[in-house]
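S.K.: Structure file input_7.pdb (PDB, C-alpha atoms, pLDDT in the B column) is given on the next line.
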```pdb
MODEL        1
ATOM      1  CA  MET A   1       0.000   0.000   0.000  1.00 70.00           C
ATOM      2  CA  THR A   2       1.392   3.389  -0.950  1.00 81.00           C
ATOM      3  CA  GLU A   3       1.818   6.102   1.658  1.00 77.00           C
ATOM      4  CA  ALA A   4      -0.923   8.198   0.041  1.00 80.00           C
ATOM      5  CA  LYS A   5      -3.375   5.275   0.153  1.00 88.00           C
ATOM      6  CA  ALA A   6      -2.396   4.505   3.741  1.00 85.00           C
ATOM      7  CA  LEU A   7      -2.998   8.112   4.778  1.00 84.00           C
ATOM      8  CA  SER A   8      -6.309   8.181   2.929  1.00 89.00           C
ATOM      9  CA  HIS A   9      -7.360   4.985   4.702  1.00 91.00           C
ATOM     10  CA  LEU A  10      -6.324   6.379   8.102  1.00 90.00           C
ATOM     11  CA  LYS A  11      -8.120   9.654   7.435  1.00 90.00           C
ATOM     12  CA  GLN A  12     -11.348   7.827   6.615  1.00 93.00           C
ATOM     13  CA  GLU A  13     -10.955   5.651   9.698  1.00 92.00           C
ATOM     14  CA  LEU A  14     -10.489   8.760  11.870  1.00 92.00           C
ATOM     15  CA  LYS A  15     -13.532  10.437  10.328  1.00 91.00           C
ATOM     16  CA  ASN A  16     -15.617   7.330  11.041  1.00 92.00           C
ATOM     17  CA  LYS A  17     -14.375   7.264  14.631  1.00 89.00           C
ATOM     18  CA  LEU A  18     -15.151  10.964  14.959  1.00 88.00           C
ATOM     19  CA  GLU A  19     -18.739  10.439  13.820  1.00 90.00           C
ATOM     20  CA  SER A  20     -19.114   7.499  16.199  1.00 87.00           C
ATOM     21  CA  GLN A  21     -17.689   9.468  19.134  1.00 82.00           C
ATOM     22  CA  LEU A  22     -19.951  12.417  18.385  1.00 82.00           C
ATOM     23  CA  ARG A  23     -22.980  10.128  18.454  1.00 82.00           C
ATOM     24  CA  GLU A  24     -21.852   8.691  21.797  1.00 76.00           C
ATOM     25  CA  TRP A  25     -21.052  12.124  23.186  1.00 69.00           C
ATOM     26  CA  LYS A  26     -24.509  13.438  22.308  1.00 72.00           C
ATOM     27  CA  LYS A  27     -26.321  10.650  24.154  1.00 69.00           C
ATOM     28  CA  PRO A  28     -28.211  11.853  27.210  1.00 67.00           C
ATOM     29  CA  PHE A  29     -26.059  12.136  30.282  1.00 62.00           C
ATOM     30  CA  LEU A  30     -27.456  11.149  33.659  1.00 59.00           C
ATOM     31  CA  THR A  31     -29.242  13.849  35.572  1.00 60.00           C
ATOM     32  CA  PRO A  32     -27.640  15.025  38.803  1.00 58.00           C
ATOM     33  CA  LEU A  33     -28.116  12.771  41.751  1.00 55.00           C
ATOM     34  CA  GLU A  34     -31.131  13.628  43.866  1.00 56.00           C
ATOM     35  CA  ARG A  35     -31.920  12.053  47.188  1.00 51.00           C
ATOM     36  CA  ASP A  36     -35.669  11.993  46.428  1.00 60.00           C
ATOM     37  CA  ASP A  37     -35.033   9.596  43.508  1.00 64.00           C
ATOM     38  CA  CYS A  38     -33.841   6.909  45.888  1.00 67.00           C
ATOM     39  CA  LYS A  39     -35.994   4.802  48.195  1.00 74.00           C
ATOM     40  CA  ASN A  40     -33.177   3.914  50.570  1.00 78.00           C
ATOM     41  CA  GLU A  41     -29.436   4.198  51.023  1.00 80.00           C
ATOM     42  CA  ILE A  42     -28.763   1.158  48.847  1.00 84.00           C
ATOM     43  CA  ASP A  43     -30.581   2.863  45.956  1.00 80.00           C
ATOM     44  CA  LEU A  44     -28.628   6.023  46.639  1.00 77.00           C
ATOM     45  CA  VAL A  45     -25.279   4.194  46.554  1.00 81.00           C
ATOM     46  CA  ALA A  46     -26.270   2.335  43.369  1.00 82.00           C
ATOM     47  CA  ARG A  47     -27.305   5.623  41.740  1.00 78.00           C
ATOM     48  CA  LEU A  48     -24.053   7.254  42.840  1.00 80.00           C
ATOM     49  CA  ILE A  49     -21.998   4.424  41.326  1.00 86.00           C
ATOM     50  CA  GLU A  50     -24.020   4.654  38.115  1.00 83.00           C
ATOM     51  CA  PHE A  51     -23.519   8.420  37.969  1.00 81.00           C
ATOM     52  CA  ARG A  52     -19.758   8.149  38.537  1.00 85.00           C
ATOM     53  CA  THR A  53     -19.466   5.437  35.885  1.00 87.00           C
ATOM     54  CA  GLU A  54     -21.371   7.542  33.363  1.00 83.00           C
ATOM     55  CA  ALA A  55     -19.278  10.598  34.202  1.00 83.00           C
ATOM     56  CA  SER A  56     -16.084   8.604  33.695  1.00 86.00           C
ATOM     57  CA  LEU A  57     -17.274   7.236  30.345  1.00 84.00           C
ATOM     58  CA  HIS A  58     -18.307  10.725  29.235  1.00 81.00           C
ATOM     59  CA  GLN A  59     -14.852  12.070  30.148  1.00 86.00           C
ATOM     60  CA  LYS A  60     -13.156   9.246  28.228  1.00 88.00           C
ATOM     61  CA  SER A  61     -15.362   9.927  25.217  1.00 85.00           C
ATOM     62  CA  THR A  62     -14.484  13.630  25.359  1.00 87.00           C
ATOM     63  CA  THR A  63     -10.760  12.817  25.494  1.00 91.00           C
ATOM     64  CA  GLN A  64     -11.042  10.452  22.516  1.00 91.00           C
ATOM     65  CA  LEU A  65     -12.992  13.058  20.579  1.00 91.00           C
ATOM     66  CA  ARG A  66     -10.228  15.628  21.146  1.00 93.00           C
ATOM     67  CA  GLU A  67      -7.529  13.120  20.118  1.00 95.00           C
ATOM     68  CA  ILE A  68      -9.358  12.324  16.869  1.00 94.00           C
ATOM     69  CA  GLN A  69      -9.902  16.003  16.062  1.00 95.00           C
ATOM     70  CA  SER A  70      -6.222  16.690  16.765  1.00 96.00           C
ATOM     71  CA  ALA A  71      -5.116  13.866  14.443  1.00 95.00           C
ATOM     72  CA  LEU A  72      -7.381  15.168  11.661  1.00 95.00           C
ATOM     73  CA  ARG A  73      -5.927  18.686  12.129  1.00 96.00           C
ATOM     74  CA  ARG A  74      -2.394  17.259  11.885  1.00 96.00           C
ATOM     75  CA  MET A  75      -3.434  15.568   8.624  1.00 93.00           C
ATOM     76  CA  GLU A  76      -4.756  18.836   7.240  1.00 94.00           C
ATOM     77  CA  ASN A  77      -1.578  20.673   8.325  1.00 94.00           C
ATOM     78  CA  GLY A  78       0.739  18.033   6.863  1.00 92.00           C
ATOM     79  CA  ASN A  79       2.097  17.055  10.293  1.00 94.00           C
ATOM     80  CA  PHE A  80       0.321  13.714  10.644  1.00 94.00           C
ATOM     81  CA  GLY A  81       2.741  10.893  11.301  1.00 94.00           C
ATOM     82  CA  LYS A  82       5.368  13.158  12.834  1.00 96.00           C
ATOM     83  CA  CYS A  83       6.035  13.090  16.552  1.00 96.00           C
ATOM     84  CA  ILE A  84       4.855  16.349  18.092  1.00 95.00           C
ATOM     85  CA  ARG A  85       7.808  16.331  20.504  1.00 96.00           C
ATOM     86  CA  CYS A  86      10.866  15.313  18.460  1.00 96.00           C
ATOM     87  CA  THR A  87       9.358  15.552  14.934  1.00 95.00           C
ATOM     88  CA  SER A  88      10.664  12.091  13.964  1.00 96.00           C
ATOM     89  CA  GLN A  89       8.473   9.964  11.710  1.00 95.00           C
ATOM     90  CA  ILE A  90       5.996   7.717  13.544  1.00 95.00           C
ATOM     91  CA  PRO A  91       6.082   4.220  12.019  1.00 93.00           C
ATOM     92  CA  ILE A  92       3.073   3.494   9.796  1.00 91.00           C
ATOM     93  CA  LYS A  93       2.403   0.268  11.726  1.00 92.00           C
ATOM     94  CA  ARG A  94       1.974   2.350  14.881  1.00 94.00           C
ATOM     95  CA  LEU A  95      -0.384   4.726  13.082  1.00 94.00           C
ATOM     96  CA  PHE A  96      -2.506   1.834  11.845  1.00 93.00           C
ATOM     97  CA  ALA A  97      -2.640   0.459  15.386  1.00 94.00           C
ATOM     98  CA  ILE A  98      -3.257   3.869  16.989  1.00 95.00           C
ATOM     99  CA  PRO A  99      -4.379   6.397  14.344  1.00 94.00           C
ATOM    100  CA  THR A 100      -4.455   9.192  16.933  1.00 95.00           C
ATOM    101  CA  ALA A 101      -0.809   8.628  17.956  1.00 96.00           C
ATOM    102  CA  ALA A 102       0.889  11.989  18.354  1.00 96.00           C
ATOM    103  CA  PHE A 103       4.193  10.711  19.720  1.00 96.00           C
ATOM    104  CA  CYS A 104       6.792   8.233  18.524  1.00 95.00           C
ATOM    105  CA  ILE A 105       7.271   5.217  20.786  1.00 94.00           C
ATOM    106  CA  GLN A 106      10.361   6.710  22.472  1.00 94.00           C
ATOM    107  CA  CYS A 107       8.659  10.015  23.322  1.00 94.00           C
ATOM    108  CA  GLN A 108       5.496   8.208  24.421  1.00 94.00           C
ATOM    109  CA  SER A 109       7.605   6.109  26.801  1.00 92.00           C
ATOM    110  CA  GLN A 110       9.160   9.273  28.217  1.00 91.00           C
ATOM    111  CA  ASN A 111       5.682  10.748  28.763  1.00 83.00           C
ATOM    112  CA  ARG A 112       4.726   7.749  30.898  1.00 80.00           C
ATOM    113  CA  SER A 113       7.837   8.002  33.066  1.00 68.00           C
TER     114      SER A 113
ENDMDL
END
```
I need this file expressed as structure tokens, please.

M.R.:
Amino acid sequence: MTEAKALSHLKQELKNKLESQLREWKKPFLTPLERDDCKNEIDLVARLIEFRTEASLHQKSTTQLREIQSALRRMENGNFGKCIRCTSQIPIKRLFAIPTAAFCIQCQSQNRS
């Protein structure tokens, strides 16, 4: 596969993921926790756990949405596939595995340290 075809494939994959994330992000979010909604403390705890889980999933979805938008901007700017820290080329295998990758493996490892 040529580099141009690979980039075109990755761009379409990112656009599809963006549409999917936007659909997920627009789903109704739980209403704030209200004591009157719960019959007893067990219901309250269950509702609190549900609310925290939904909040966590919403945050993850928001983060993924930003990563996808950032990758699409890098494509438009001609910087896709270049590490945003050291500017070295990110291997195409890594981009196929993680299309939103913004760092080469070495810089990503340094970020985790």

S.K.: Using the chain letters and numbers from the file, give me the residues hit by the PyMOL selection byres ((chain A and resi 22) around 12), as a VMD selection string.

M.R.: chain A and resid 15 to 21 23 to 27 58 61 to 66 68 to 69

S.K.: Taking the file as I've supplied it (selection: the PyMOL selection byres ((chain A and resi 74) around 12)), which residues are included? Please answer as a list in words.

M.R.: Leu7, Lys11, Leu14, Glu67, Ile68, Gln69, Ser70, Ala71, Leu72, Arg73, Met75, Glu76, Asn77, Gly78, Asn79, Phe80, Gly81, Lys82, Cys83, Ile84, Pro99, Thr100, Ala101 and Ala102 of chain A

S.K.: Quote the spacing between CA of Glu41 in chain A and CA of Gln59 in chain A in Å to one decimal place.

M.R.: 26.7 Å

S.K.: So what do you get for CA of Lys60 in chain A versus CA of Ser88 in chain A, distance-wise?

M.R.: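 Pair CA of Lys60 in chain A / CA of Ser88 in chain A returns 27.9 Å.
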
S.K.: Using CA of Phe51 in chain A and CA of Lys39 in chain A as the two end points, give the distance in Å to one decimal.

M.R.: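 According to the coordinates, CA of Phe51 in chain A and CA of Lys39 in chain A are separated by 16.5 Å.
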
S.K.: Skip range 105-111 of chain A itself and residues of its chain fewer than 6 positions away, then list as a list in words all residues within 8 Å of it, counting only C-alpha atoms.

M.R.: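 Everything that qualifies: Cys83, Arg85, Cys86 and Ile90 of chain A.
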
S.K.: Name the closest residue to Leu10 in chain A among the candidates A:Ala97, A:Leu44, A:Leu57, A:Ile49; distances are taken between atoms, counting all atoms listed in the file.

M.R.: A:Ala97
